[in-house]
$ cat upload-v5.cif   # mmCIF, C-alpha atoms
data_protein
loop_
_atom_site.label_atom_id
_atom_site.label_comp_id
_atom_site.auth_asym_id
_atom_site.auth_seq_id
_atom_site.Cartn_x
_atom_site.Cartn_y
_atom_site.Cartn_z
CA MET A 263 128.06 96.17 91.64
CA LYS A 264 124.77 95.81 89.77
CA TYR A 265 121.44 97.20 91.00
CA VAL A 266 117.88 95.96 90.53
CA VAL A 267 114.47 97.31 91.54
CA VAL A 268 111.53 94.91 91.30
CA LEU A 269 108.34 96.94 91.61
CA GLY A 270 105.15 94.95 92.29
CA ASP A 271 102.59 97.65 91.52
CA GLY A 272 99.92 97.90 94.25
CA MET A 273 101.21 94.73 95.93
CA ALA A 274 100.68 95.97 99.52
CA ASP A 275 97.22 95.59 101.05
CA TRP A 276 95.18 95.45 104.26
CA PRO A 277 94.34 92.39 106.40
CA LEU A 278 91.32 90.50 105.09
CA GLU A 279 88.85 88.41 107.08
CA GLU A 280 88.67 85.89 104.25
CA LEU A 281 92.44 85.35 104.72
CA GLN A 282 92.14 84.99 108.50
CA GLY A 283 93.50 88.47 109.06
CA GLN A 284 96.40 88.17 106.64
CA THR A 285 97.08 90.36 103.62
CA PRO A 286 97.41 88.89 100.12
CA LEU A 287 101.19 89.43 100.42
CA SER A 288 101.51 87.59 103.73
CA PHE A 289 99.07 84.84 102.64
CA ALA A 290 100.70 84.19 99.26
CA GLU A 291 103.30 81.44 98.87
CA THR A 292 106.44 83.51 98.29
CA PRO A 293 109.42 81.29 99.13
CA VAL A 294 111.91 83.41 97.18
CA MET A 295 111.02 86.74 98.79
CA ASP A 296 110.82 85.11 102.23
CA ALA A 297 114.26 83.53 101.76
CA LEU A 298 115.63 86.91 100.69
CA ALA A 299 113.99 88.62 103.66
CA ALA A 300 115.87 86.28 106.00
CA VAL A 301 119.19 87.69 104.73
CA SER A 302 118.10 91.25 103.92
CA GLU A 303 117.09 94.56 105.37
CA ILE A 304 113.34 95.08 105.48
CA GLY A 305 111.47 98.20 106.45
CA THR A 306 108.90 100.74 105.33
CA VAL A 307 108.95 103.86 103.19
CA PRO A 308 106.32 106.48 102.32
CA THR A 309 106.28 106.91 98.55
CA ILE A 310 103.52 109.54 98.29
CA PRO A 311 104.30 113.11 99.40
CA GLU A 312 101.81 114.55 101.86
CA GLY A 313 98.90 116.18 100.08
CA MET A 314 99.44 114.40 96.75
CA ALA A 315 97.18 111.74 95.26
CA PRO A 316 98.42 108.14 95.67
CA GLY A 317 98.84 107.31 92.01
CA SER A 318 101.31 105.04 90.26
CA ASP A 319 102.63 108.19 88.59
CA THR A 320 103.67 110.02 91.76
CA ALA A 321 104.70 106.78 93.49
CA ASN A 322 106.96 105.49 90.71
CA LEU A 323 108.52 108.91 90.19
CA SER A 324 109.29 108.81 93.88
CA VAL A 325 110.83 105.33 93.81
CA MET A 326 112.86 106.37 90.75
CA GLY A 327 114.40 109.14 92.83
CA TYR A 328 112.37 112.12 91.61
CA ASP A 329 110.54 114.19 94.24
CA PRO A 330 106.99 114.41 92.83
CA LYS A 331 106.46 117.84 94.38
CA LYS A 332 109.28 119.09 92.16
CA TYR A 333 108.91 116.99 89.00
CA TYR A 334 105.27 115.93 88.69
CA THR A 335 103.26 117.65 85.93
CA GLY A 336 100.54 115.01 85.54
CA ARG A 337 100.23 111.34 84.69
CA SER A 338 99.15 111.51 81.09
CA PRO A 339 102.12 113.52 79.79
CA LEU A 340 104.43 110.72 80.94
CA GLU A 341 102.34 108.19 79.05
CA ALA A 342 102.28 110.45 76.01
CA LEU A 343 106.08 110.46 76.00
CA SER A 344 106.02 106.68 75.91
CA ILE A 345 103.81 106.43 72.83
CA GLY A 346 105.79 109.05 70.92
CA VAL A 347 103.53 112.10 71.13
CA ASP A 348 105.46 115.25 70.21
CA MET A 349 104.02 117.60 72.85
CA LYS A 350 104.09 121.37 72.67
CA ASP A 351 104.52 123.41 75.83
CA SER A 352 100.93 124.62 75.40
CA ASP A 353 99.45 121.11 75.14
CA VAL A 354 97.40 119.55 77.92
CA VAL A 355 97.36 115.75 77.90
CA TYR A 356 94.55 113.59 79.29
CA ARG A 357 94.45 109.85 79.86
CA CYS A 358 91.66 108.41 77.72
CA ASN A 359 90.61 105.06 79.18
CA ILE A 360 88.15 102.88 77.31
CA VAL A 361 85.92 101.57 80.09
CA THR A 362 82.87 99.36 80.52
CA LEU A 363 79.53 100.97 81.40
CA THR A 364 76.38 99.02 82.21
CA GLU A 365 74.39 99.80 79.01
CA GLU A 366 71.16 100.27 80.93
CA GLU A 367 68.18 102.02 79.26
CA VAL A 368 68.89 105.22 81.19
CA PRO A 369 70.64 108.52 80.40
CA TYR A 370 74.43 108.42 80.15
CA GLU A 371 74.95 110.06 83.55
CA GLU A 372 72.93 107.30 85.24
CA GLN A 373 75.09 104.48 83.88
CA THR A 374 77.34 102.58 86.28
CA ILE A 375 81.00 101.88 85.61
CA LEU A 376 81.70 98.15 85.83
CA ASP A 377 85.28 97.79 84.68
CA HIS A 378 88.00 100.40 84.22
CA SER A 379 90.00 98.09 81.92
CA SER A 380 87.26 96.51 79.76
CA ASP A 381 88.47 93.03 80.71
CA GLU A 382 92.05 94.10 79.89
CA ILE A 383 91.11 94.60 76.25
CA SER A 384 93.84 93.94 73.70
CA THR A 385 95.69 96.89 72.22
CA GLU A 386 94.67 95.74 68.73
CA GLU A 387 90.95 95.89 69.51
CA ALA A 388 91.24 99.13 71.46
CA ASP A 389 93.12 100.77 68.59
CA VAL A 390 90.20 100.12 66.23
CA LEU A 391 87.67 101.48 68.75
CA LEU A 392 89.74 104.58 69.50
CA LYS A 393 90.24 105.40 65.84
CA ASP A 394 86.58 104.89 64.97
CA VAL A 395 85.54 107.38 67.65
CA ALA A 396 88.34 109.77 66.71
CA LYS A 397 87.04 109.94 63.12
CA GLU A 398 84.16 111.99 64.48
CA LEU A 399 85.66 113.72 67.52
CA ALA A 400 89.22 114.61 66.52
CA ASN A 401 89.94 118.08 65.10
CA GLU A 402 92.62 120.79 65.26
CA THR A 403 92.03 121.21 69.01
CA TYR A 404 91.58 117.59 70.16
CA SER A 405 93.65 114.64 68.98
CA PHE A 406 93.79 111.00 70.11
CA TYR A 407 96.69 108.54 70.38
CA THR A 408 96.65 104.79 70.93
CA GLY A 409 98.52 103.53 73.96
CA THR A 410 98.40 100.03 75.45
CA SER A 411 95.31 97.91 76.20
CA TYR A 412 92.67 100.26 77.67
CA ARG A 413 95.11 103.15 78.32
CA HIS A 414 95.23 105.90 75.67
CA CYS A 415 95.85 109.65 75.39
CA MET A 416 93.97 112.73 74.25
CA ILE A 417 95.78 116.01 73.52
CA TRP A 418 93.93 119.30 74.03
CA ASP A 419 95.74 122.10 72.23
CA LYS A 420 95.99 125.18 74.49
CA GLY A 421 93.73 123.34 76.90
CA GLN A 422 93.04 123.41 80.62
CA VAL A 423 94.27 121.08 83.36
CA LEU A 424 91.03 119.93 84.98
CA GLU A 425 90.75 117.68 88.04
CA LEU A 426 88.89 114.55 86.96
CA THR A 427 88.30 111.31 88.83
CA PRO A 428 90.17 108.13 87.77
CA PRO A 429 87.73 105.47 86.58
CA HIS A 430 89.10 102.87 89.03
CA ASP A 431 87.81 105.17 91.79
CA VAL A 432 84.27 105.07 90.36
CA LEU A 433 83.84 101.30 90.04
CA THR A 434 80.26 100.09 90.76
CA ARG A 435 79.02 103.70 91.08
CA LYS A 436 76.75 105.80 88.90
CA ILE A 437 78.94 108.12 86.90
CA GLY A 438 76.93 111.38 86.90
CA GLN A 439 78.77 113.23 89.67
CA TYR A 440 82.17 112.23 88.22
CA LEU A 441 81.65 113.45 84.66
CA PRO A 442 83.66 116.42 83.34
CA ALA A 443 82.11 119.83 83.95
CA ASP A 444 83.71 120.99 80.70
CA PRO A 445 80.94 120.64 78.08
CA VAL A 446 83.24 119.48 75.27
CA LEU A 447 84.91 116.74 77.31
CA ARG A 448 81.54 115.57 78.58
CA HIS A 449 80.07 115.55 75.07
CA MET A 450 83.02 113.49 73.80
CA GLN A 451 82.53 110.89 76.54
CA GLU A 452 78.80 110.67 75.87
CA ARG A 453 79.28 110.50 72.10
CA SER A 454 81.93 107.80 72.45
CA TYR A 455 79.36 105.66 74.29
CA GLU A 456 76.81 106.12 71.51
CA ILE A 457 79.38 105.07 68.91
CA LEU A 458 80.88 102.16 70.83
CA LYS A 459 77.99 100.40 72.54
CA ASN A 460 76.92 98.66 69.33
CA HIS A 461 80.32 98.55 67.65
CA PRO A 462 80.97 95.19 65.98
CA ILE A 463 84.00 94.57 68.20
CA ASN A 464 81.88 95.05 71.32
CA LEU A 465 79.06 92.89 70.00
CA GLU A 466 81.63 90.15 69.45
CA ARG A 467 83.13 90.68 72.92
CA LYS A 468 79.72 90.39 74.57
CA ALA A 469 79.01 87.21 72.62
CA LYS A 470 82.22 85.78 74.09
CA GLY A 471 81.24 86.81 77.63
CA LEU A 472 83.75 89.67 77.75
CA ASN A 473 83.05 93.18 78.99
CA PRO A 474 82.45 95.65 76.14
CA ALA A 475 84.79 98.63 75.82
CA ASN A 476 81.96 101.11 75.39
CA SER A 477 82.98 104.56 76.64
CA PHE A 478 85.90 106.95 76.79
CA TRP A 479 86.85 108.27 80.23
CA PHE A 480 89.13 111.30 80.58
CA TRP A 481 91.36 111.91 83.62
CA GLY A 482 94.98 112.45 84.71
CA ALA A 483 95.55 115.79 82.96
CA GLY A 484 98.95 117.43 82.83
CA THR A 485 101.54 119.34 80.82
CA LYS A 486 104.85 118.45 79.22
CA PRO A 487 107.24 117.01 81.85
CA VAL A 488 110.90 117.85 82.38
CA LEU A 489 113.01 115.33 84.35
CA THR A 490 116.70 115.39 85.16
CA SER A 491 118.42 112.53 83.33
CA PHE A 492 118.97 109.42 85.45
CA TRP A 493 122.62 109.34 84.45
CA GLU A 494 123.12 112.94 85.53
CA ALA A 495 121.43 112.25 88.86
CA TYR A 496 123.10 108.92 89.72
CA HIS A 497 125.84 108.17 87.15
CA LYS A 498 124.34 104.77 86.49
CA LYS A 499 123.35 103.38 83.09
CA GLY A 500 119.76 102.32 83.64
CA VAL A 501 117.07 100.41 81.77
CA MET A 502 113.31 100.20 82.29
CA ILE A 503 111.39 96.94 81.74
CA SER A 504 107.63 97.50 81.87
CA ALA A 505 104.53 96.91 79.77
CA VAL A 506 102.90 100.11 81.02
CA ASP A 507 103.15 103.37 79.09
CA LEU A 508 103.43 105.40 82.30
CA LEU A 509 106.66 103.67 83.33
CA LYS A 510 108.09 103.75 79.81
CA GLY A 511 107.29 107.46 79.74
CA ILE A 512 109.14 108.08 83.00
CA ALA A 513 112.11 106.24 81.50
CA ILE A 514 112.03 108.38 78.36
CA GLY A 515 111.84 111.55 80.45
CA ALA A 516 114.80 110.32 82.52
CA GLU A 517 116.73 109.43 79.34
CA MET A 518 116.87 105.75 80.30
CA ASP A 519 116.71 102.92 77.80
CA ARG A 520 113.62 100.70 77.60
CA ILE A 521 113.33 97.00 76.84
CA ILE A 522 110.04 95.88 75.29
CA VAL A 523 109.37 92.24 76.20
CA GLU A 524 107.15 90.26 73.85
CA GLY A 525 104.03 89.09 75.66
CA ALA A 526 104.36 91.64 78.47
CA ASN A 527 100.90 93.19 78.69
CA GLY A 528 100.34 94.58 82.19
CA GLY A 529 97.89 91.81 83.08
CA LEU A 530 97.88 88.76 85.32
CA ASN A 531 99.27 86.55 82.57
CA THR A 532 102.07 88.85 81.50
CA ASN A 533 105.44 87.42 80.43
CA TYR A 534 107.17 87.30 83.82
CA GLU A 535 109.96 85.06 82.61
CA GLY A 536 110.66 87.28 79.63
CA LYS A 537 111.01 90.31 81.88
CA ALA A 538 113.34 88.45 84.25
CA ASN A 539 115.54 87.14 81.45
CA ALA A 540 115.71 90.58 79.84
CA ALA A 541 116.84 92.13 83.13
CA VAL A 542 119.56 89.52 83.69
CA LYS A 543 120.85 89.92 80.13
CA ALA A 544 120.85 93.71 80.41
CA LEU A 545 122.91 93.59 83.61
CA THR A 546 125.29 90.74 82.79
CA GLU A 547 125.83 91.07 79.03
CA ASP A 548 124.72 94.49 77.81
CA GLY A 549 126.58 96.82 80.14
CA TYR A 550 123.73 98.23 82.22
CA ASP A 551 124.34 99.11 85.86
CA PHE A 552 120.70 99.29 86.90
CA ALA A 553 117.40 97.65 85.90
CA TYR A 554 113.91 98.71 87.01
CA ILE A 555 111.43 95.88 86.47
CA HIS A 556 107.81 96.94 86.87
CA VAL A 557 104.93 94.45 87.13
CA GLU A 558 101.41 95.85 86.93
CA ALA A 559 99.41 92.71 87.74
CA PRO A 560 98.98 93.02 91.55
CA ASP A 561 97.55 96.51 91.12
CA GLU A 562 95.14 95.44 88.38
CA MET A 563 93.87 92.56 90.53
CA GLY A 564 93.43 94.96 93.44
CA HIS A 565 91.29 97.23 91.27
CA GLN A 566 89.26 94.22 90.20
CA GLY A 567 88.69 93.36 93.85
CA SER A 568 89.89 89.79 93.33
CA THR A 569 91.72 88.42 96.35
CA GLU A 570 92.43 85.14 94.59
CA LYS A 571 93.94 86.80 91.52
CA LYS A 572 96.00 89.27 93.56
CA ILE A 573 97.52 86.40 95.51
CA LYS A 574 98.25 84.64 92.24
CA ALA A 575 99.91 87.79 90.82
CA ILE A 576 102.18 88.02 93.88
CA GLU A 577 103.07 84.34 93.63
CA TYR A 578 103.88 84.72 89.93
CA LEU A 579 106.08 87.73 90.73
CA ASP A 580 107.95 85.65 93.29
CA GLY A 581 108.38 82.38 91.45
CA ARG A 582 108.43 83.42 87.82
CA LEU A 583 110.38 86.71 88.00
CA ILE A 584 112.31 87.35 91.21
CA ARG A 585 113.54 83.75 91.37
CA LEU A 586 114.92 83.93 87.83
CA ILE A 587 116.60 87.28 88.42
CA LYS A 588 118.32 86.01 91.56
CA GLU A 589 119.39 82.75 89.93
CA GLY A 590 120.68 84.56 86.85
CA LEU A 591 122.69 87.13 88.79
CA ASP A 592 124.04 84.52 91.21
CA ALA A 593 125.18 82.37 88.29
CA SER A 594 126.89 85.34 86.63
CA GLY A 595 129.10 86.01 89.64
CA GLU A 596 128.12 89.67 89.65
CA ASP A 597 127.79 91.43 93.00
CA TYR A 598 124.37 93.03 93.20
CA ARG A 599 121.77 94.74 95.33
CA MET A 600 118.09 94.09 94.76
CA LEU A 601 115.29 96.28 96.09
CA ILE A 602 111.77 94.78 96.12
CA LEU A 603 108.70 96.86 96.95
CA PRO A 604 105.29 98.08 95.80
CA ASP A 605 104.77 101.66 94.71
CA HIS A 606 101.64 102.03 96.88
CA PRO A 607 99.01 99.75 98.42
CA THR A 608 95.92 98.88 96.40
CA PRO A 609 93.68 97.30 99.06
CA ILE A 610 91.08 94.80 97.94
CA LYS A 611 88.55 96.37 100.31
CA VAL A 612 88.56 99.73 98.52
CA ARG A 613 89.78 98.69 95.04
CA THR A 614 91.90 101.82 94.68
CA HIS A 615 95.23 103.28 95.77
CA VAL A 616 95.98 104.56 99.27
CA ALA A 617 98.91 106.67 100.45
CA GLU A 618 100.21 104.49 103.31
CA PRO A 619 103.92 103.58 103.59
CA VAL A 620 104.92 100.41 101.77
CA PRO A 621 107.17 97.50 102.81
CA TYR A 622 110.56 97.23 101.14
CA LEU A 623 113.19 94.50 101.02
CA LEU A 624 116.82 95.35 100.26
CA TYR A 625 119.16 92.45 99.52
CA ASP A 626 122.94 92.82 99.13
CA SER A 627 124.70 89.75 97.73
CA THR A 628 127.96 90.88 99.34
CA ALA A 629 126.55 91.39 102.85
CA PRO A 630 123.84 88.85 103.72
CA GLN A 631 122.27 89.27 107.14
CA VAL A 632 120.62 86.72 109.44
CA HIS A 633 117.00 87.21 110.47
CA THR A 634 113.85 85.16 111.00
CA TRP A 635 111.40 87.50 109.33
CA HIS A 636 109.37 87.16 106.13
CA TYR A 637 108.54 89.80 103.55
CA ASN A 638 105.13 91.31 104.23
CA GLU A 639 103.56 94.51 105.54
CA GLU A 640 103.45 93.58 109.23
CA GLU A 641 106.97 92.22 109.52
CA ALA A 642 108.46 95.06 107.48
CA ALA A 643 106.89 97.53 109.90
CA LYS A 644 108.40 95.56 112.80
CA GLY A 645 111.78 95.44 111.08
CA GLY A 646 112.51 98.86 112.48
CA MET A 647 114.03 100.37 109.35
CA THR A 648 112.45 103.38 107.69
CA VAL A 649 113.47 105.52 104.75
CA ALA A 650 112.16 109.05 105.19
CA HIS A 651 110.95 109.65 101.62
CA GLY A 652 110.41 107.48 98.58
CA TRP A 653 112.72 109.66 96.50
CA ASP A 654 115.56 108.87 98.93
CA LEU A 655 115.41 105.16 98.04
CA MET A 656 117.46 105.35 94.88
CA GLY A 657 120.34 107.12 96.52
CA TYR A 658 120.07 104.67 99.43
CA LEU A 659 120.21 101.70 97.05
CA PHE A 660 123.31 103.02 95.31
CA SER A 661 125.23 104.21 98.37
CA LYS A 662 124.35 101.76 101.16
#

$ encode --input "upload-v5.cif" --output "C-alpha cells"
Amino acid sequence: MKYVVVLGDGMADWPLEELQGQTPLSFAETPVMDALAAVSEIGTVPTIPEGMAPGSDTANLSVMGYDPKKYYTGRSPLEALSIGVDMKDSDVVYRCNIVTLTEEEVPYEEQTILDHSSDEISTEEADVLLKDVAKELANETYSFYTGTSYRHCMIWDKGQVLELTPPHDVLTRKIGQYLPADPVLRHMQERSYEILKNHPINLERKAKGLNPANSFWFWGAGTKPVLTSFWEAYHKKGVMISAVDLLKGIAIGAEMDRIIVEGANGGLNTNYEGKANAAVKALTEDGYDFAYIHVEAPDEMGHQGSTEKKIKAIEYLDGRLIRLIKEGLDASGEDYRMLILPDHPTPIKVRTHVAEPVPYLLYDSTAPQVHTWHYNEEEAAKGGMTVAHGWDLMGYLFSK
C-alpha cells in the first residue's frame, strides 16, 4: 500500500455573495476531486490546537502527525532548517519578509502595507535586495539568509522571542501599531526601507508595473526545533514535495527526503505537473511509501483577496496535479490511499488564516464507496465523519 497527502494550502473558505453563496472550492470546476468524493470518505478535522495561531506552520505540523503543542517552537526555525542554517540552541530565528509599502511622503510608521509578497518576487531579485541591506545591517549578533521568493530568515544570536504580527495580517493597514517594540528590529525595518525604495531593482520593477520589494518585515520568531523522525513515528519512508521553505524545513526536522521540482515556486503558476510526476515516480519507482505534496497557491490567492485566482488555483490543483497522481498510481497497479485537504482556511473576506476545521477527502483504491456527494466545505461537514485532531490524521491514513 502506498500513501499520498495532497495539501492545498488555505484552500478552504467562506461562502461569498459574488459566487451566489458558494465558496471558491464549491464553485471551482473540480471533476477529479468530485469523482473521488463519490467513492471516498469525506469529513472534517480541526488542524489548529485550541489557543494556537492558525498558521501554516502549526497546521502542517498537525497534518504531518506532530502535535503542535508538543513540537512547535516557531515558524522561522523550520524555514531556517530548509535553507541550511546551522542553528545554535541560543539562536532566535525570525522570518524576514520583503514586502511592499506605499512609498508615501510620510514617516515610516504611517506607510501602508500593500503586498506581503512583493508580487511574488523572484528569489534571484530578492537575494540581491537582501544582501544589499545585509551589507549594512548584519553583524556578529544579526545575520541574514536568503530563502525563497519573498520569504527569508534573520538570526538573532542570544536573542528574544518576540510576538510580531505577520505581514499578511496587516494588508491595507498603516503599519505603525504593528512595528516591533524592540528598537533594533524597528531600526532595521526602517533602514531597509530607506535602502530599498530607490534600489535599481525596485525602480525597474515599478517601471514594469510590478510592486517594489521595499521593506523588511520581521515575524514568526522561534528557537531550534526538535521533531521525532517520521520513520520512527510511522515506519514509513516518506518524501516531501513543496516549493515552500517551511514545508521543506518540517521534512528536514522529521528526517524525510525532499524532492525539489524545477519551476515549483509557491505561486499560482507553479509546476503542478512536475510535482505530480515526481510524486508518482517516488512511489512507484524509487521505493517511497508516502508522499506529501504541498501546493501553496490557494493560500497566496486568498491573501491577495482574489476570488478569481483562488478558484483558478483550486482548478489547477485538481486537473494538473491530483488527476495526474491518480492516473499514474492507477496505471502502476499499486494499491494506495490518498488524503486531500487544506491545512487551514484562508477566507477571501479576511485575507488571512482562520482556525476553523477543514474538509478532508480520504480515498482508498482497494475499498471504493458509493456516495452522491462532492468535495467541498458544506458537504464534508454533512458527511458525518470527523477526526478529533489534525495530528491524528497520519495514523488514521496509515491504519484505516

$ closest_residue --input "upload-v5.cif" --among "A:Trp653, A:Tyr598, A:Trp481, A:Phe492" --to "A:Thr628" --atoms "all atoms listed in the file"
A:Tyr598

$ resolve_selection --input "upload-v5.cif" --expression "the PyMOL selection byres ((chain A and resi 287) around 7)" --output "MDAnalysis selection string"
chainID A and resid 273:274 285:286 288:290 573 576 638

$ resolve_selection --input "upload-v5.cif" --expression "the PyMOL selection byres ((chain A and resi 494-510) around 8)" --output "ChimeraX atom specification"
/A:319,322,337-338,340-345,409-410,490-493,511-514,518-523,526-528,537,540-541,544,549-558,657

$ atom_distance --input "upload-v5.cif" --atom1 "atom CA of A:Glu402" --atom2 "atom CA of A:Pro429"
26.7 Å

$ atom_distance --input "upload-v5.cif" --atom1 "atom CA of A:Lys331" --atom2 "atom CA of A:Leu655"
15.9 Å

$ closest_atom_pairs --input "upload-v5.cif" --of "stretch 401-515 of chain A" --to "stretch 311-316 of chain A" --cutoff "12 Å" --atoms "all atoms listed in the file" --output "JSON lines"
{"residue": "A:Glu425", "atom": "CA", "partner": "A:Ala315", "partner_atom": "CA", "distance": 11.3}
{"residue": "A:Thr427", "atom": "CA", "partner": "A:Ala315", "partner_atom": "CA", "distance": 11.0}
{"residue": "A:Pro428", "atom": "CA", "partner": "A:Ala315", "partner_atom": "CA", "distance": 10.9}
{"residue": "A:Asp431", "atom": "CA", "partner": "A:Pro316", "partner_atom": "CA", "distance": 11.7}
{"residue": "A:Gly482", "atom": "CA", "partner": "A:Ala315", "partner_atom": "CA", "distance": 10.8}

$ residues_around --input "upload-v5.cif" --residues "stretch 365-377 of chain A" --least-positions-apart "2" --cutoff "10 Å" --atoms "only C-alpha atoms" --output "NGL selection string"
:A and (360-363 or 379-382 or 429-441 or 448 or 451-453 or 455-456 or 459 or 473-477 or 565-566)

$ resolve_selection --input "upload-v5.cif" --expression "the PyMOL selection byres ((chain A and resi 325) around 7)" --output "PyMOL selection string"
chain A and resi 309+321-324+326-327+652-653+655-656

$ closest_atom_pairs --input "upload-v5.cif" --of "stretch 466-515 of chain A" --to "stretch 347-354 of chain A" --cutoff "8 Å" --atoms "all atoms listed in the file" --output "CSV"
residue,atom,partner,partner_atom,distance
A:Ala483,CA,A:Val354,CA,6.6
A:Gly484,CA,A:Val354,CA,5.6
A:Thr485,CA,A:Val354,CA,5.1
A:Lys486,CA,A:Asp351,CA,6.0

$ closest_residue --input "upload-v5.cif" --among "A:Pro277, A:Pro621, A:Gly272, A:Pro293" --to "A:Asp580" --atoms "all atoms listed in the file"
A:Pro293

$ closest_residue --input "upload-v5.cif" --among "A:Val649, A:Met563, A:Met600, A:Val301" --to "A:Arg613" --atoms "only C-alpha atoms"
A:Met563

$ closest_residue --input "upload-v5.cif" --among "A:Gly283, A:Phe478, A:Gly525, A:Thr320" --to "A:Ala617" --atoms "all atoms listed in the file"
A:Thr320

$ closest_residue --input "upload-v5.cif" --among "A:Val423, A:Leu591, A:Leu447, A:Ile463" --to "A:Val390" --atoms "only C-alpha atoms"
A:Ile463

$ closest_residue --input "upload-v5.cif" --among "A:Asn533, A:Ser454, A:Ser302, A:Thr292" --to "A:Asn359" --atoms "all atoms listed in the file"
A:Ser454

$ atom_distance --input "upload-v5.cif" --atom1 "atom CA of A:Ala297" --atom2 "atom CA of A:Asp626"
13.0 Å

$ residues_around --input "upload-v5.cif" --residues "A:Ser405" --least-positions-apart "4" --cutoff "8 Å" --atoms "only C-alpha atoms" --output "JSON, numbers by chain"
{"A": [396, 400, 401, 416, 417, 418]}

$ axis_aligned_box --input "upload-v5.cif" --around "stretch 436-444 of chain A" --padding-each-side "6 Å" --output "lines of an AutoDock Vina configuration file"
center_x = 80.2
center_y = 113.4
center_z = 85.2
size_x = 19.0
size_y = 27.2
size_z = 21.0
